[in-house]
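Content type mmCIF, C-alpha atoms, from the file my_file.cif:
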data_protein
#
loop_
_atom_site.group_PDB
_atom_site.id
_atom_site.type_symbol
_atom_site.label_atom_id
_atom_site.label_comp_id
_atom_site.auth_asym_id
_atom_site.auth_seq_id
_atom_site.Cartn_x
_atom_site.Cartn_y
_atom_site.Cartn_z
ATOM 1 C CA MET A 271 61.552 45.941 -56.272
ATOM 2 C CA SER A 272 63.240 44.040 -53.516
ATOM 3 C CA THR A 273 59.990 43.567 -51.657
ATOM 4 C CA HIS A 274 58.640 40.427 -53.274
ATOM 5 C CA HIS A 275 58.016 37.358 -51.152
ATOM 6 C CA HIS A 276 57.420 39.461 -48.053
ATOM 7 C CA GLU A 277 54.413 38.374 -46.085
ATOM 8 C CA HIS A 278 51.785 41.013 -46.728
ATOM 9 C CA ASP A 279 49.408 40.421 -43.912
ATOM 10 C CA HIS A 280 48.984 43.519 -41.807
ATOM 11 C CA ASP A 281 45.568 44.173 -40.290
ATOM 12 C CA ALA A 282 45.065 47.462 -42.114
ATOM 13 C CA CYS A 283 45.979 45.975 -45.471
ATOM 14 C CA ARG A 284 43.739 42.994 -44.809
ATOM 15 C CA ARG A 285 40.811 45.255 -44.156
ATOM 16 C CA TYR A 286 41.104 46.755 -47.633
ATOM 17 C CA LEU A 287 41.616 43.482 -49.440
ATOM 18 C CA SER A 288 37.973 42.994 -50.377
ATOM 19 C CA SER A 289 37.740 46.585 -51.666
ATOM 20 C CA LEU A 290 40.615 46.362 -54.122
ATOM 21 C CA SER A 291 38.622 44.762 -56.918
ATOM 22 C CA ASP A 292 35.917 47.449 -56.746
ATOM 23 C CA TYR A 293 38.643 50.077 -56.550
ATOM 24 C CA ALA A 294 40.190 48.761 -59.756
ATOM 25 C CA ASP A 295 36.766 48.998 -61.434
ATOM 26 C CA GLY A 296 36.225 52.512 -60.112
ATOM 27 C CA THR A 297 33.064 51.413 -58.299
ATOM 28 C CA LEU A 298 34.250 51.745 -54.709
ATOM 29 C CA SER A 299 32.270 54.226 -52.599
ATOM 30 C CA ASP A 300 33.843 57.687 -52.230
ATOM 31 C CA ASP A 301 34.474 57.251 -48.502
ATOM 32 C CA LEU A 302 36.251 53.938 -48.825
ATOM 33 C CA CYS A 303 38.107 55.195 -51.844
ATOM 34 C CA ARG A 304 39.551 58.135 -49.891
ATOM 35 C CA GLU A 305 40.442 55.847 -46.976
ATOM 36 C CA LEU A 306 42.169 53.351 -49.231
ATOM 37 C CA GLU A 307 44.093 56.059 -51.060
ATOM 38 C CA ALA A 308 45.267 57.556 -47.768
ATOM 39 C CA HIS A 309 46.416 54.092 -46.722
ATOM 40 C CA MET A 310 48.191 53.497 -50.009
ATOM 41 C CA ALA A 311 50.091 56.752 -49.665
ATOM 42 C CA THR A 312 51.977 55.168 -46.801
ATOM 43 C CA CYS A 313 51.873 51.494 -47.752
ATOM 44 C CA GLU A 314 54.014 50.474 -50.685
ATOM 45 C CA ASN A 315 52.811 46.879 -50.556
ATOM 46 C CA CYS A 316 49.191 47.882 -51.065
ATOM 47 C CA ARG A 317 50.202 50.199 -53.887
ATOM 48 C CA ILE A 318 51.934 47.317 -55.617
ATOM 49 C CA VAL A 319 48.956 45.009 -55.101
ATOM 50 C CA VAL A 320 46.554 47.596 -56.510
ATOM 51 C CA ASN A 321 48.790 48.368 -59.491
ATOM 52 C CA THR A 322 49.431 44.744 -60.349
ATOM 53 C CA LEU A 323 45.760 43.907 -59.861
ATOM 54 C CA SER A 324 44.762 46.596 -62.367
ATOM 55 C CA LYS A 325 47.522 45.457 -64.693
ATOM 56 C CA THR A 326 46.318 41.857 -64.447
ATOM 57 C CA ILE A 327 42.814 42.923 -65.451
ATOM 58 C CA SER A 328 44.084 45.016 -68.350
ATOM 59 C CA LEU A 329 46.328 42.206 -69.615
ATOM 60 C CA TYR A 330 43.304 39.910 -69.743
ATOM 61 C CA HIS A 331 41.347 42.565 -71.613
ATOM 62 C CA GLN A 332 44.094 42.498 -74.227
ATOM 63 C CA LEU A 333 44.120 38.730 -74.603
ATOM 64 C CA PRO A 334 43.446 37.883 -78.259
ATOM 65 C CA GLU A 335 40.048 36.334 -78.885
ATOM 66 C CA PRO A 336 40.304 32.734 -80.047
ATOM 67 C CA GLU A 337 38.637 32.211 -83.419
ATOM 68 C CA MET A 338 35.999 29.569 -83.914
ATOM 69 C CA PRO A 339 37.409 27.194 -86.560
ATOM 70 C CA ASN A 340 35.327 26.958 -89.743
ATOM 71 C CA ALA A 341 34.953 23.202 -89.293
ATOM 72 C CA VAL A 342 33.363 23.765 -85.872
ATOM 73 C CA LYS A 343 30.963 26.248 -87.391
ATOM 74 C CA GLU A 344 30.032 23.873 -90.195
ATOM 75 C CA ARG A 345 29.367 21.011 -87.783
ATOM 76 C CA LEU A 346 27.238 23.320 -85.666
ATOM 77 C CA TYR A 347 25.056 24.271 -88.633
ATOM 78 C CA LYS A 348 24.734 20.602 -89.509
ATOM 79 C CA VAL A 349 23.676 19.575 -85.996
ATOM 80 C CA LEU A 350 21.097 22.357 -86.036
ATOM 81 C CA ASN A 351 19.791 21.361 -89.474
ATOM 82 C CA LEU A 352 20.802 24.696 -90.876
ATOM 83 C CA ASP A 353 23.261 23.327 -93.446
ATOM 84 C CA SER A 354 21.777 25.336 -96.252
ATOM 85 C CA TYR A 355 22.702 28.555 -94.422
ATOM 86 C CA SER A 356 26.221 27.566 -93.440
ATOM 87 C CA ALA A 357 28.034 29.309 -96.296
ATOM 88 C CA ALA A 358 27.529 32.645 -94.625
ATOM 89 C CA PRO A 359 28.319 35.635 -96.817
ATOM 90 C CA GLY A 360 31.720 37.125 -96.142
ATOM 91 C CA ASP A 361 33.212 33.798 -95.093
ATOM 92 C CA SER A 362 36.401 33.179 -96.925
ATOM 93 C CA ASP A 363 37.927 29.767 -97.095
ATOM 94 C CA SER A 364 41.473 30.961 -96.876
ATOM 95 C CA ALA A 365 42.696 27.839 -95.118
ATOM 96 C CA MET B 115 18.604 49.796 -84.827
ATOM 97 C CA SER B 116 19.179 49.537 -81.075
ATOM 98 C CA ASP B 117 20.106 46.185 -79.563
ATOM 99 C CA SER B 118 16.715 45.757 -77.965
ATOM 100 C CA ASN B 119 14.854 46.560 -81.195
ATOM 101 C CA HIS B 120 17.144 44.231 -83.051
ATOM 102 C CA ASP B 121 16.451 41.496 -80.485
ATOM 103 C CA ALA B 122 12.694 42.104 -80.505
ATOM 104 C CA GLU B 123 12.494 41.813 -84.275
ATOM 105 C CA LEU B 124 14.662 38.706 -84.347
ATOM 106 C CA VAL B 125 12.722 37.054 -81.510
ATOM 107 C CA MET B 126 9.457 37.651 -83.364
ATOM 108 C CA ARG B 127 10.843 35.896 -86.425
ATOM 109 C CA LEU B 128 12.352 33.096 -84.313
ATOM 110 C CA GLN B 129 9.107 32.463 -82.508
ATOM 111 C CA ALA B 130 7.295 32.381 -85.843
ATOM 112 C CA GLY B 131 9.642 29.544 -86.849
ATOM 113 C CA ASP B 132 11.576 31.455 -89.507
ATOM 114 C CA GLN B 133 14.588 29.262 -90.396
ATOM 115 C CA ALA B 134 16.617 32.197 -91.671
ATOM 116 C CA ALA B 135 16.167 33.855 -88.280
ATOM 117 C CA TYR B 136 17.585 30.768 -86.595
ATOM 118 C CA ALA B 137 20.590 30.904 -88.890
ATOM 119 C CA GLN B 138 20.985 34.591 -88.088
ATOM 120 C CA LEU B 139 20.905 33.884 -84.345
ATOM 121 C CA VAL B 140 23.675 31.326 -84.742
ATOM 122 C CA ASP B 141 25.651 33.572 -87.041
ATOM 123 C CA GLU B 142 25.533 36.509 -84.651
ATOM 124 C CA HIS B 143 26.292 34.650 -81.431
ATOM 125 C CA ALA B 144 28.164 31.413 -82.141
ATOM 126 C CA SER B 145 31.691 32.864 -81.979
ATOM 127 C CA ARG B 146 31.095 34.467 -78.611
ATOM 128 C CA ILE B 147 29.506 31.340 -77.190
ATOM 129 C CA TYR B 148 32.370 29.249 -78.523
ATOM 130 C CA ARG B 149 34.906 31.572 -76.854
ATOM 131 C CA LEU B 150 33.103 31.335 -73.535
ATOM 132 C CA ALA B 151 32.894 27.545 -73.853
ATOM 133 C CA LEU B 152 36.578 27.285 -74.708
ATOM 134 C CA ARG B 153 37.612 29.412 -71.734
ATOM 135 C CA MET B 154 35.308 27.484 -69.434
ATOM 136 C CA MET B 155 36.211 23.991 -70.619
ATOM 137 C CA GLY B 156 39.865 24.509 -71.495
ATOM 138 C CA ASN B 157 39.788 22.270 -74.579
ATOM 139 C CA GLU B 158 38.299 22.427 -78.045
ATOM 140 C CA ALA B 159 36.387 19.149 -78.016
ATOM 141 C CA ASP B 160 34.409 19.999 -74.883
ATOM 142 C CA ALA B 161 33.964 23.564 -76.079
ATOM 143 C CA GLU B 162 32.367 22.307 -79.284
ATOM 144 C CA ASP B 163 30.015 20.049 -77.328
ATOM 145 C CA VAL B 164 28.960 22.966 -75.142
ATOM 146 C CA LEU B 165 28.472 25.152 -78.221
ATOM 147 C CA GLN B 166 26.190 22.618 -79.891
ATOM 148 C CA GLU B 167 24.301 21.897 -76.698
ATOM 149 C CA THR B 168 23.743 25.625 -76.138
ATOM 150 C CA PHE B 169 22.080 26.215 -79.485
ATOM 151 C CA LEU B 170 20.108 22.963 -79.390
ATOM 152 C CA SER B 171 18.714 23.976 -75.973
ATOM 153 C CA ALA B 172 18.112 27.551 -77.106
ATOM 154 C CA PHE B 173 16.171 26.413 -80.168
ATOM 155 C CA LYS B 174 14.015 24.156 -78.019
ATOM 156 C CA ALA B 175 13.383 26.883 -75.465
ATOM 157 C CA MET B 176 12.810 29.691 -77.950
ATOM 158 C CA ASP B 177 9.036 29.611 -77.441
ATOM 159 C CA ARG B 178 9.560 30.369 -73.783
ATOM 160 C CA PHE B 179 12.012 33.254 -74.277
ATOM 161 C CA GLU B 180 10.429 36.273 -72.581
ATOM 162 C CA ALA B 181 12.952 38.994 -73.287
ATOM 163 C CA ARG B 182 13.683 39.632 -69.617
ATOM 164 C CA SER B 183 17.302 39.672 -70.700
ATOM 165 C CA SER B 184 18.931 40.207 -74.064
ATOM 166 C CA LEU B 185 19.286 37.249 -76.410
ATOM 167 C CA SER B 186 23.004 37.479 -75.863
ATOM 168 C CA THR B 187 22.788 37.221 -72.049
ATOM 169 C CA TRP B 188 20.207 34.453 -72.389
ATOM 170 C CA LEU B 189 22.563 32.440 -74.597
ATOM 171 C CA TYR B 190 25.462 33.075 -72.210
ATOM 172 C CA ARG B 191 23.247 31.750 -69.455
ATOM 173 C CA ILE B 192 22.426 28.540 -71.312
ATOM 174 C CA ALA B 193 26.080 28.080 -72.267
ATOM 175 C CA SER B 194 27.383 28.718 -68.741
ATOM 176 C CA ASN B 195 24.904 26.202 -67.352
ATOM 177 C CA ALA B 196 25.891 23.630 -69.942
ATOM 178 C CA ALA B 197 29.581 24.174 -69.218
ATOM 179 C CA LEU B 198 29.163 24.038 -65.448
ATOM 180 C CA MET B 199 27.030 20.870 -65.675
ATOM 181 C CA ARG B 200 29.695 19.201 -67.761
ATOM 182 C CA LEU B 201 32.464 20.282 -65.401
ATOM 183 C CA ARG B 202 30.446 19.071 -62.448
ATOM 184 C CA ARG B 203 30.173 15.629 -64.033
ATOM 185 C CA LYS B 204 33.910 15.603 -64.694
ATOM 186 C CA GLU B 205 35.118 17.026 -61.414
ATOM 187 C CA PRO B 206 32.272 16.691 -58.940
ATOM 188 C CA ASP B 207 34.395 17.858 -56.019
ATOM 189 C CA GLN B 208 35.621 20.957 -57.705
ATOM 190 C CA VAL B 209 32.387 22.476 -58.878
ATOM 191 C CA SER B 210 30.127 23.215 -55.994
ATOM 192 C CA VAL B 211 26.749 24.794 -56.568
ATOM 193 C CA ASP B 212 27.229 26.757 -53.387
ATOM 194 C CA GLU B 213 29.246 29.851 -52.786
ATOM 195 C CA PRO B 214 32.959 29.209 -52.722
ATOM 196 C CA MET B 215 33.837 28.792 -49.098
ATOM 197 C CA GLU B 216 34.595 31.923 -47.171
ATOM 198 C CA ARG B 217 37.262 30.108 -45.241
ATOM 199 C CA ASP B 218 39.689 30.231 -48.131
ATOM 200 C CA ASP B 219 40.086 33.961 -47.552
ATOM 201 C CA GLY B 220 43.516 33.227 -46.142
ATOM 202 C CA ASP B 221 44.596 32.132 -49.603
ATOM 203 C CA LEU B 222 43.709 35.525 -50.963
ATOM 204 C CA ILE B 223 46.209 37.486 -48.928
ATOM 205 C CA PRO B 224 48.713 38.827 -51.435
ATOM 206 C CA ARG B 225 52.094 37.228 -51.020
ATOM 207 C CA GLN B 226 53.727 38.056 -54.313
ATOM 208 C CA LEU B 227 54.764 41.680 -54.268
ATOM 209 C CA PHE B 228 56.805 41.912 -57.405
ATOM 210 C CA ASP B 229 55.717 45.009 -59.302
ATOM 211 C CA PHE B 230 55.499 43.636 -62.825
ATOM 212 C CA CYS B 231 53.777 46.773 -64.115
ATOM 213 C CA CYS B 232 57.210 48.171 -64.964
ATOM 214 C CA LEU B 233 58.045 45.381 -67.399
ATOM 215 C CA PRO B 234 57.952 46.324 -71.085
ATOM 216 C CA GLU B 235 54.614 45.605 -72.779
ATOM 217 C CA GLU B 236 56.317 43.323 -75.276
ATOM 218 C CA ASP B 237 57.373 41.053 -72.401
ATOM 219 C CA LEU B 238 53.956 41.153 -70.773
ATOM 220 C CA LEU B 239 52.202 40.362 -74.020
ATOM 221 C CA ARG B 240 54.527 37.749 -75.479
ATOM 222 C CA ASP B 241 53.071 34.372 -76.473
ATOM 223 C CA GLU B 242 54.522 32.507 -73.538
ATOM 224 C CA ALA B 243 53.042 34.972 -71.063
ATOM 225 C CA ARG B 244 49.674 34.674 -72.775
ATOM 226 C CA GLU B 245 49.797 30.903 -72.515
ATOM 227 C CA GLU B 246 50.489 31.246 -68.810
ATOM 228 C CA MET B 247 47.546 33.644 -68.493
ATOM 229 C CA ALA B 248 45.243 31.178 -70.238
ATOM 230 C CA ARG B 249 46.480 28.315 -68.056
ATOM 231 C CA ALA B 250 45.935 30.405 -64.952
ATOM 232 C CA VAL B 251 42.277 30.898 -65.924
ATOM 233 C CA ASP B 252 41.880 27.185 -66.702
ATOM 234 C CA GLU B 253 43.088 26.358 -63.228
ATOM 235 C CA LEU B 254 40.705 28.631 -61.366
ATOM 236 C CA PRO B 255 37.833 26.821 -59.651
ATOM 237 C CA ALA B 256 34.953 26.693 -62.152
ATOM 238 C CA THR B 257 32.680 28.909 -60.053
ATOM 239 C CA LEU B 258 35.284 31.684 -60.093
ATOM 240 C CA ARG B 259 36.277 31.029 -63.685
ATOM 241 C CA SER B 260 32.754 31.500 -65.028
ATOM 242 C CA VAL B 261 32.456 34.922 -63.376
ATOM 243 C CA PHE B 262 35.929 36.030 -64.444
ATOM 244 C CA VAL B 263 35.473 34.942 -68.060
ATOM 245 C CA LEU B 264 32.144 36.703 -68.482
ATOM 246 C CA ARG B 265 33.135 39.841 -66.640
ATOM 247 C CA ASP B 266 36.793 40.439 -67.491
ATOM 248 C CA ILE B 267 37.316 38.541 -70.735
ATOM 249 C CA GLU B 268 33.949 38.826 -72.453
ATOM 250 C CA GLY B 269 33.341 42.265 -70.951
ATOM 251 C CA LEU B 270 29.818 41.778 -69.562
ATOM 252 C CA SER B 271 28.674 44.177 -66.848
ATOM 253 C CA THR B 272 28.270 42.974 -63.255
ATOM 254 C CA GLU B 273 24.481 42.903 -63.751
ATOM 255 C CA GLU B 274 24.673 40.946 -67.000
ATOM 256 C CA THR B 275 27.074 38.474 -65.415
ATOM 257 C CA ALA B 276 24.758 38.043 -62.427
ATOM 258 C CA ASN B 277 21.880 37.469 -64.808
ATOM 259 C CA ALA B 278 23.787 34.981 -66.972
ATOM 260 C CA LEU B 279 24.951 32.937 -63.995
ATOM 261 C CA ASP B 280 21.857 33.342 -61.873
ATOM 262 C CA LEU B 281 23.870 34.888 -59.055
ATOM 263 C CA SER B 282 23.342 37.937 -56.872
ATOM 264 C CA ILE B 283 25.356 41.059 -57.644
ATOM 265 C CA SER B 284 27.286 40.617 -54.414
ATOM 266 C CA ALA B 285 28.146 37.009 -55.265
ATOM 267 C CA VAL B 286 29.449 38.134 -58.662
ATOM 268 C CA LYS B 287 31.578 40.827 -57.038
ATOM 269 C CA SER B 288 32.928 38.506 -54.404
ATOM 270 C CA ARG B 289 33.814 35.775 -56.903
ATOM 271 C CA LEU B 290 35.336 38.278 -59.288
ATOM 272 C CA MET B 291 37.467 39.673 -56.475
ATOM 273 C CA ARG B 292 38.704 36.185 -55.607
ATOM 274 C CA ALA B 293 39.429 35.285 -59.196
ATOM 275 C CA ARG B 294 41.315 38.517 -59.827
ATOM 276 C CA LEU B 295 43.414 38.227 -56.679
ATOM 277 C CA LYS B 296 44.311 34.636 -57.486
ATOM 278 C CA LEU B 297 45.315 35.555 -61.026
ATOM 279 C CA ARG B 298 47.291 38.567 -59.831
ATOM 280 C CA GLU B 299 49.167 36.332 -57.433
ATOM 281 C CA ARG B 300 49.949 33.820 -60.111
ATOM 282 C CA LEU B 301 51.009 36.340 -62.741
ATOM 283 C CA SER B 302 53.178 38.169 -60.205
ATOM 284 C CA LYS B 303 54.955 34.943 -59.448
ATOM 285 C CA TYR B 304 55.315 34.109 -63.121
ATOM 286 C CA PHE B 305 56.670 37.506 -64.089
ATOM 287 C CA SER B 306 59.020 37.610 -61.101
ATOM 288 C CA GLN B 307 60.628 34.297 -62.078
ATOM 289 C CA GLY B 308 60.001 33.984 -65.755
ATOM 290 C CA PRO B 309 62.586 33.914 -68.525
ATOM 291 C CA VAL B 310 61.196 37.298 -69.473
ATOM 292 C CA ILE B 311 63.224 39.055 -66.835
ATOM 293 C CA THR B 312 66.166 36.732 -66.538
ATOM 294 C CA GLU B 313 67.203 38.277 -69.844
ATOM 295 C CA THR B 314 67.240 41.790 -68.471
ATOM 296 C CA ARG B 315 68.595 40.842 -65.068
ATOM 297 C CA HIS B 316 71.639 39.119 -66.541
ATOM 298 C CA THR B 317 71.516 36.383 -63.960
ATOM 299 C CA GLU B 318 73.307 33.207 -65.012
#

Once more with this new file: its structure as structure tokens, please.
Amino acid sequence: MSTHHHEHDHDACRRYLSSLSDYADGTLSDDLCRELEAHMATCENCRIVVNTLSKTISLYHQLPEPEMPNAVKERLYKVLNLDSYSAAPGDSDSA
Amino acid sequence: MSDSNHDAELVMRLQAGDQAAYAQLVDEHASRIYRLALRMMGNEADAEDVLQETFLSAFKAMDRFEARSSLSTWLYRIASNAALMRLRRKEPDQVSVDEPMERDDGDLIPRQLFDFCCLPEEDLLRDEAREEMARAVDELPATLRSVFVLRDIEGLSTEETANALDLSISAVKSRLMRARLKLRERLSKYFSQGPVITETRHTE
């Protein structure tokens, strides 16, 4: 944990940089995958980058979805001349 | 009913001018389009404009819809275009039609090596961290943001994203990689300095 702010710019690590995103998605080719994993076994920096990259992606997956406010929906129906359909079933006016 | 059957039936009714079908289209897709618009534009007023523009354009173009993609991807495509056009008008320098320049590869080299994976989930998911995450997306260049939002927030596949943004698969992958690395860098910095860990570190 004392490694942050180190320059992480070795040639080997650089070579794998563009593969990390595919690796996180599990879509990297088998060959490259094995190579990268062998490299990571000896390179703590790359392990951290891969782990935090995957974590970043998963945190964004967990981001709550913003709701469309009812007023926005109503104005949309109005603009589209669909006013008569705007009281969609199941809509509750809790606010 | 499968998605494609559902689409085919709805498209038939839409192209026949059935008003209820138009309302159904809006009902089924408006929230998703609004979310995309909000993430792309970063504010509610612009997001609402993009939302309205998307459905107005879609209604006009409905006759020409040929089902080469799903209705959902087609709407994402119209919305992304509308958002990017608007951003281009606002920040002409920032939104290039071309590929983001390869020369900024140097910026992608990871510099922040703080392993925030070990932080407790409650710290990673607290409101303040989420606001920082949203800001980080807002501040990505629009060409990277559009790919990231569709792929990693809305959960489209690489192919669907390519289709929605009219990009090649390799362009989607390359932009996604850039966006993710930039966000990783920023979140690493945030979590390494944030108030989240000053509490546990007992500094000051």

Could you work out an axis-aligned box for region 256-269 of chain B, taking every atom the file lists and adding 3 Å on each side, and report centre and edge lengths in Å to one decimal, as lines of an AutoDock Vina configuration file?
center_x = 34.7
center_y = 34.5
center_z = -66.3
size_x = 11.2
size_y = 21.6
size_z = 18.4

*asked:* I need the output of the PyMOL selection byres ((chain B) within 6 of (chain A)) for this file as a list of chain:residue names; which residues are they?
replied: B:Ser145, B:Gln166, B:Arg225, B:Gln226, B:Leu227, B:Phe228, B:Asp229, B:Ile267, B:Met291, B:Arg298

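With CA of Thr187 (chain B) on one side and CA of Asn277 (chain B) on the other, the separation reads 7.3 Å.
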
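Ranking A:Gly296, A:Asp281, A:Cys303, A:Ala341 by their shortest atom-to-atom distance to Ile223 (chain B), with only C-alpha atoms included, puts A:Asp281 first.
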
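What the PyMOL selection byres ((chain B and resi 159-162) around 9) grabs from this file is Val342 and Leu346 of chain A; Tyr148, Arg149, Leu150, Ala151, Leu152, Arg153, Met154, Met155, Gly156, Asn157, Glu158, Asp163, Val164, Leu165, Gln166, Glu167, Ala197 and Arg200 of chain B.
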
*asked:* For the PyMOL selection byres ((chain B and resi 173) around 12), applied here, can you spell out every residue it catches as a VMD selection string?
replied: (chain A and resid 349 to 352) or (chain B and resid 125 128 to 129 131 to 133 135 to 137 139 to 140 166 to 172 174 to 179 185 188 to 189 192)

Just C-alpha atoms for this one: save the residues we selected as an mmCIF file, keeping the file's coordinate frame.
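Okay, this is what ended up in selection12.cif:
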data_model
loop_
_atom_site.group_PDB
_atom_site.id
_atom_site.type_symbol
_atom_site.label_atom_id
_atom_site.label_comp_id
_atom_site.auth_asym_id
_atom_site.auth_seq_id
_atom_site.Cartn_x
_atom_site.Cartn_y
_atom_site.Cartn_z
ATOM 1 C CA VAL A 349 23.676 19.575 -85.996
ATOM 2 C CA LEU A 350 21.097 22.357 -86.036
ATOM 3 C CA ASN A 351 19.791 21.361 -89.474
ATOM 4 C CA LEU A 352 20.802 24.696 -90.876
ATOM 5 C CA VAL B 125 12.722 37.054 -81.510
ATOM 6 C CA LEU B 128 12.352 33.096 -84.313
ATOM 7 C CA GLN B 129 9.107 32.463 -82.508
ATOM 8 C CA GLY B 131 9.642 29.544 -86.849
ATOM 9 C CA ASP B 132 11.576 31.455 -89.507
ATOM 10 C CA GLN B 133 14.588 29.262 -90.396
ATOM 11 C CA ALA B 135 16.167 33.855 -88.280
ATOM 12 C CA TYR B 136 17.585 30.768 -86.595
ATOM 13 C CA ALA B 137 20.590 30.904 -88.890
ATOM 14 C CA LEU B 139 20.905 33.884 -84.345
ATOM 15 C CA VAL B 140 23.675 31.326 -84.742
ATOM 16 C CA GLN B 166 26.190 22.618 -79.891
ATOM 17 C CA GLU B 167 24.301 21.897 -76.698
ATOM 18 C CA THR B 168 23.743 25.625 -76.138
ATOM 19 C CA PHE B 169 22.080 26.215 -79.485
ATOM 20 C CA LEU B 170 20.108 22.963 -79.390
ATOM 21 C CA SER B 171 18.714 23.976 -75.973
ATOM 22 C CA ALA B 172 18.112 27.551 -77.106
ATOM 23 C CA LYS B 174 14.015 24.156 -78.019
ATOM 24 C CA ALA B 175 13.383 26.883 -75.465
ATOM 25 C CA MET B 176 12.810 29.691 -77.950
ATOM 26 C CA ASP B 177 9.036 29.611 -77.441
ATOM 27 C CA ARG B 178 9.560 30.369 -73.783
ATOM 28 C CA PHE B 179 12.012 33.254 -74.277
ATOM 29 C CA LEU B 185 19.286 37.249 -76.410
ATOM 30 C CA TRP B 188 20.207 34.453 -72.389
ATOM 31 C CA LEU B 189 22.563 32.440 -74.597
ATOM 32 C CA ILE B 192 22.426 28.540 -71.312
#

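Of note, CA of Pro234 (chain B) and CA of Ala293 (chain B) are spaced 24.6 Å apart.
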
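With CA of Leu295 (chain B) on one side and CA of Thr297 (chain A) on the other, the separation reads 16.8 Å.
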